[in-house]
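**Student:** To start, I am sharing the structure in question, which I have written as structure tokens.
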Amino acid sequence: MFAHARPARPGDYCVLLAADSDLPRLHARLAQLQRRCGGHRAEPVHLTCQRFVAPPEALEEFLSLFRPITLACARIIVEANSLVKWQAPGRRDRSLRWGITLTPALRAFAAMSEQVLVAAGGAPLYTSGWLPSLVTALEGIEDISFDPNQLTTDTFPYELFEARRVLVTRIAGAGEYVVEHELVLGS
């Protein structure tokens with residue numbers, strides 16, 4: 001179920017909890033899935049916690065308020081609990097995603113980012129309290145007739161990644177994102 005004000009548009013911003021690029025276990029899982037399904041890897045692997053609109057001054061205010069909070073925040077474990085085939089409604093985009101466990105830490109981080117965004121004058125595009133529960137593994141999959149339960153020998157749940165980075169990105173176009181700011185999560 002989607003819980004957002006409208007579909008994504010160029011110019012929207014996103015707050016992402018991102019995996020580091022040097023995680024051997026995560027990359028081994030991605031390689032195994034890619035061999036079985038095709039497509040290309042989502043880079044970086046991330047959880048989108050919020051999508052929003054903000055004029056430049058509100059974005060700067062958000063970042064000035066958000067930066068010290070992210071530094072004080074503990075790193076967050078993102079835990080996979082399933083694999084899910086996904087096809088965007090009304091589109092040909094096909095992907096394989098991990099279902100994730102919405103832990104108290106994830107919910108608290110999403111709520112905090114929403115509160116700071118509103119205080120700074122930005123406008124959240126996700127319904128208050130809602131958090132996406134899927135992390136994209138592979139995109140551009142031609143054939144999704146496979147059974148996602150047969151793709152891996154891993155036993156769910158498992159740690160997908162420990163989020164150490166917070167990325168603020170801007171949607172530039174369909175499937176195109178620009179990292180505007182990178183913040184450190186925890187110390």
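Starting from 1 in every chain, residues are counted up; chains themselves are A, B, ... following the order of the structure tokens, and ligands are numbered from 1 as listed.
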Please identify which residues in segment 17-119 of chain A DSSP calls strand (DSSP E or B) from the backbone, and express them as a PyMOL selection string.

**Tutor:** chain A and resi 17-18+40-41+46-53+76-87+94-100

**Student:** Keeping C-alpha atoms for every residue in the selection just given, could you write it to a file as a PDB file, in the first residue's frame?

**Tutor:**
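What landed in part-v6.pdb:
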```
ATOM      1  CA  LEU A  17      19.236   5.341   4.919  1.00  0.00           C
ATOM      2  CA  ALA A  18      22.018   3.922   2.785  1.00  0.00           C
ATOM      3  CA  HIS A  40      20.865  -4.563 -12.575  1.00  0.00           C
ATOM      4  CA  ARG A  41      21.700  -3.774  -8.981  1.00  0.00           C
ATOM      5  CA  HIS A  46      18.912   2.024   0.604  1.00  0.00           C
ATOM      6  CA  LEU A  47      15.630   2.545   2.410  1.00  0.00           C
ATOM      7  CA  THR A  48      13.743   5.691   1.425  1.00  0.00           C
ATOM      8  CA  CYS A  49      12.418   7.146   4.681  1.00  0.00           C
ATOM      9  CA  GLN A  50      10.769  10.275   3.314  1.00  0.00           C
ATOM     10  CA  ARG A  51      10.044  12.073   0.056  1.00  0.00           C
ATOM     11  CA  PHE A  52       9.412  15.794   0.276  1.00  0.00           C
ATOM     12  CA  VAL A  53       9.316  19.188  -1.403  1.00  0.00           C
ATOM     13  CA  ILE A  76      20.373   1.570  12.345  1.00  0.00           C
ATOM     14  CA  ILE A  77      20.181  -2.086  11.382  1.00  0.00           C
ATOM     15  CA  VAL A  78      17.971  -2.760   8.356  1.00  0.00           C
ATOM     16  CA  GLU A  79      16.723  -6.355   8.561  1.00  0.00           C
ATOM     17  CA  ALA A  80      15.367  -8.327   5.591  1.00  0.00           C
ATOM     18  CA  ASN A  81      12.391 -10.600   6.247  1.00  0.00           C
ATOM     19  CA  SER A  82      11.427 -11.652   2.687  1.00  0.00           C
ATOM     20  CA  LEU A  83      11.981 -11.248  -1.048  1.00  0.00           C
ATOM     21  CA  VAL A  84       9.201  -9.658  -3.095  1.00  0.00           C
ATOM     22  CA  LYS A  85       8.615  -9.350  -6.844  1.00  0.00           C
ATOM     23  CA  TRP A  86       7.502  -5.834  -7.677  1.00  0.00           C
ATOM     24  CA  GLN A  87       5.951  -4.216 -10.715  1.00  0.00           C
ATOM     25  CA  ARG A  94       9.968  -4.797 -12.688  1.00  0.00           C
ATOM     26  CA  SER A  95      12.189  -5.288  -9.683  1.00  0.00           C
ATOM     27  CA  LEU A  96      13.101  -7.619  -6.872  1.00  0.00           C
ATOM     28  CA  ARG A  97      12.932  -6.127  -3.409  1.00  0.00           C
ATOM     29  CA  TRP A  98      13.621  -7.164   0.129  1.00  0.00           C
ATOM     30  CA  GLY A  99      10.763  -6.850   2.570  1.00  0.00           C
ATOM     31  CA  ILE A 100      12.148  -5.306   5.737  1.00  0.00           C
TER      32      ILE A 100
END
```

**Student:** Excluding same-chain residues fewer than 5 positions from Val45 of chain A, what lies within 12 Å of it counting only C-alpha atoms, as a CSV table (one decimal) with N, CA and C atoms, in the first residue's frame?

**Tutor:**
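Wrote it out as selection22.csv, contents follow:
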```csv
chain,number,residue,atom,x,y,z
A,16,LEU,N,17.3,9.1,2.5
A,16,LEU,CA,17.6,7.7,2.4
A,16,LEU,C,18.5,7.2,3.5
A,17,LEU,N,18.3,6.0,4.1
A,17,LEU,CA,19.2,5.3,4.9
A,17,LEU,C,20.0,4.4,4.0
A,18,ALA,N,21.3,4.6,3.8
A,18,ALA,CA,22.0,3.9,2.8
A,18,ALA,C,23.0,3.0,3.4
A,19,ALA,N,23.2,1.9,2.6
A,19,ALA,CA,24.3,0.9,2.9
A,19,ALA,C,25.6,1.4,2.4
A,20,ASP,N,26.7,1.1,3.1
A,20,ASP,CA,28.0,1.4,2.6
A,20,ASP,C,28.3,0.6,1.3
A,21,SER,N,29.2,1.0,0.5
A,21,SER,CA,29.5,0.3,-0.7
A,21,SER,C,30.4,-0.9,-0.5
A,22,ASP,N,31.0,-1.0,0.6
A,22,ASP,CA,32.0,-2.1,0.9
A,22,ASP,C,31.5,-3.2,1.8
A,23,LEU,N,30.3,-3.7,1.5
A,23,LEU,CA,29.7,-4.7,2.4
A,23,LEU,C,29.7,-6.1,1.6
A,26,LEU,N,26.5,-8.3,1.6
A,26,LEU,CA,25.4,-7.7,0.8
A,26,LEU,C,25.7,-7.9,-0.7
A,27,HIS,N,26.9,-7.6,-1.1
A,27,HIS,CA,27.2,-7.7,-2.5
A,27,HIS,C,27.2,-9.2,-3.0
A,29,ARG,N,25.1,-11.4,-1.8
A,29,ARG,CA,23.6,-11.7,-2.0
A,29,ARG,C,23.1,-11.1,-3.3
A,30,LEU,N,23.5,-9.9,-3.5
A,30,LEU,CA,23.1,-9.2,-4.8
A,30,LEU,C,23.6,-10.0,-6.0
A,40,HIS,N,19.7,-5.2,-13.1
A,40,HIS,CA,20.9,-4.6,-12.6
A,40,HIS,C,20.6,-4.2,-11.1
A,78,VAL,N,19.1,-2.5,9.2
A,78,VAL,CA,18.0,-2.8,8.4
A,78,VAL,C,18.0,-4.3,8.1
A,97,ARG,N,12.7,-6.9,-4.6
A,97,ARG,CA,12.9,-6.1,-3.4
A,97,ARG,C,12.9,-7.0,-2.2
A,98,TRP,N,13.7,-6.5,-1.2
A,98,TRP,CA,13.6,-7.2,0.1
A,98,TRP,C,12.5,-6.5,0.9
A,134,LEU,N,10.0,-1.8,1.8
A,134,LEU,CA,10.7,-2.5,0.8
A,134,LEU,C,12.0,-1.8,0.4
A,135,VAL,N,13.1,-2.6,0.2
A,135,VAL,CA,14.4,-2.1,-0.3
A,135,VAL,C,14.7,-2.8,-1.6
A,136,THR,N,14.9,-2.0,-2.6
A,136,THR,CA,15.2,-2.6,-3.9
A,136,THR,C,16.5,-3.3,-4.0
A,137,ALA,N,16.5,-4.5,-4.5
A,137,ALA,CA,17.8,-5.3,-4.7
A,137,ALA,C,18.2,-5.1,-6.2
A,138,LEU,N,17.2,-5.5,-7.1
A,138,LEU,CA,17.5,-5.5,-8.5
A,138,LEU,C,16.4,-4.8,-9.3
A,139,GLU,N,16.8,-4.1,-10.3
A,139,GLU,CA,15.8,-3.4,-11.2
A,139,GLU,C,16.0,-3.8,-12.6
A,160,LEU,N,20.3,-7.1,6.7
A,160,LEU,CA,20.6,-6.7,5.3
A,160,LEU,C,21.8,-5.7,5.3
A,161,PHE,N,21.7,-4.7,6.1
A,161,PHE,CA,22.9,-3.7,6.2
A,161,PHE,C,22.7,-2.9,7.5
A,162,GLU,N,23.8,-2.3,7.9
A,162,GLU,CA,23.8,-1.4,9.0
A,162,GLU,C,23.9,0.0,8.4
A,163,ALA,N,22.9,0.8,8.5
A,163,ALA,CA,22.9,2.2,7.9
A,163,ALA,C,23.8,3.0,8.7
A,165,ARG,N,25.0,5.9,6.7
A,165,ARG,CA,24.9,7.1,5.9
A,165,ARG,C,23.5,7.5,5.7
A,166,VAL,N,23.2,8.8,5.7
A,166,VAL,CA,21.9,9.4,5.4
A,166,VAL,C,22.2,10.2,4.1
A,167,LEU,N,21.5,9.9,3.1
A,167,LEU,CA,21.6,10.7,1.8
A,167,LEU,C,20.4,11.5,1.6
```

**Student:** Tell me, in Å to one decimal, how far atom CA of Phe156 of chain A is from atom CA of Gln32 of chain A.

**Tutor:**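 Interatomic distance here is 15.8 Å.
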
**Student:** For a test of reading the model, state the distance in Å between atom CA of His4 of chain A and atom CA of Glu142 of chain A, rounded to one decimal.

**Tutor:**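 Separation between atom CA of His4 of chain A and atom CA of Glu142 of chain A: 27.5 Å.
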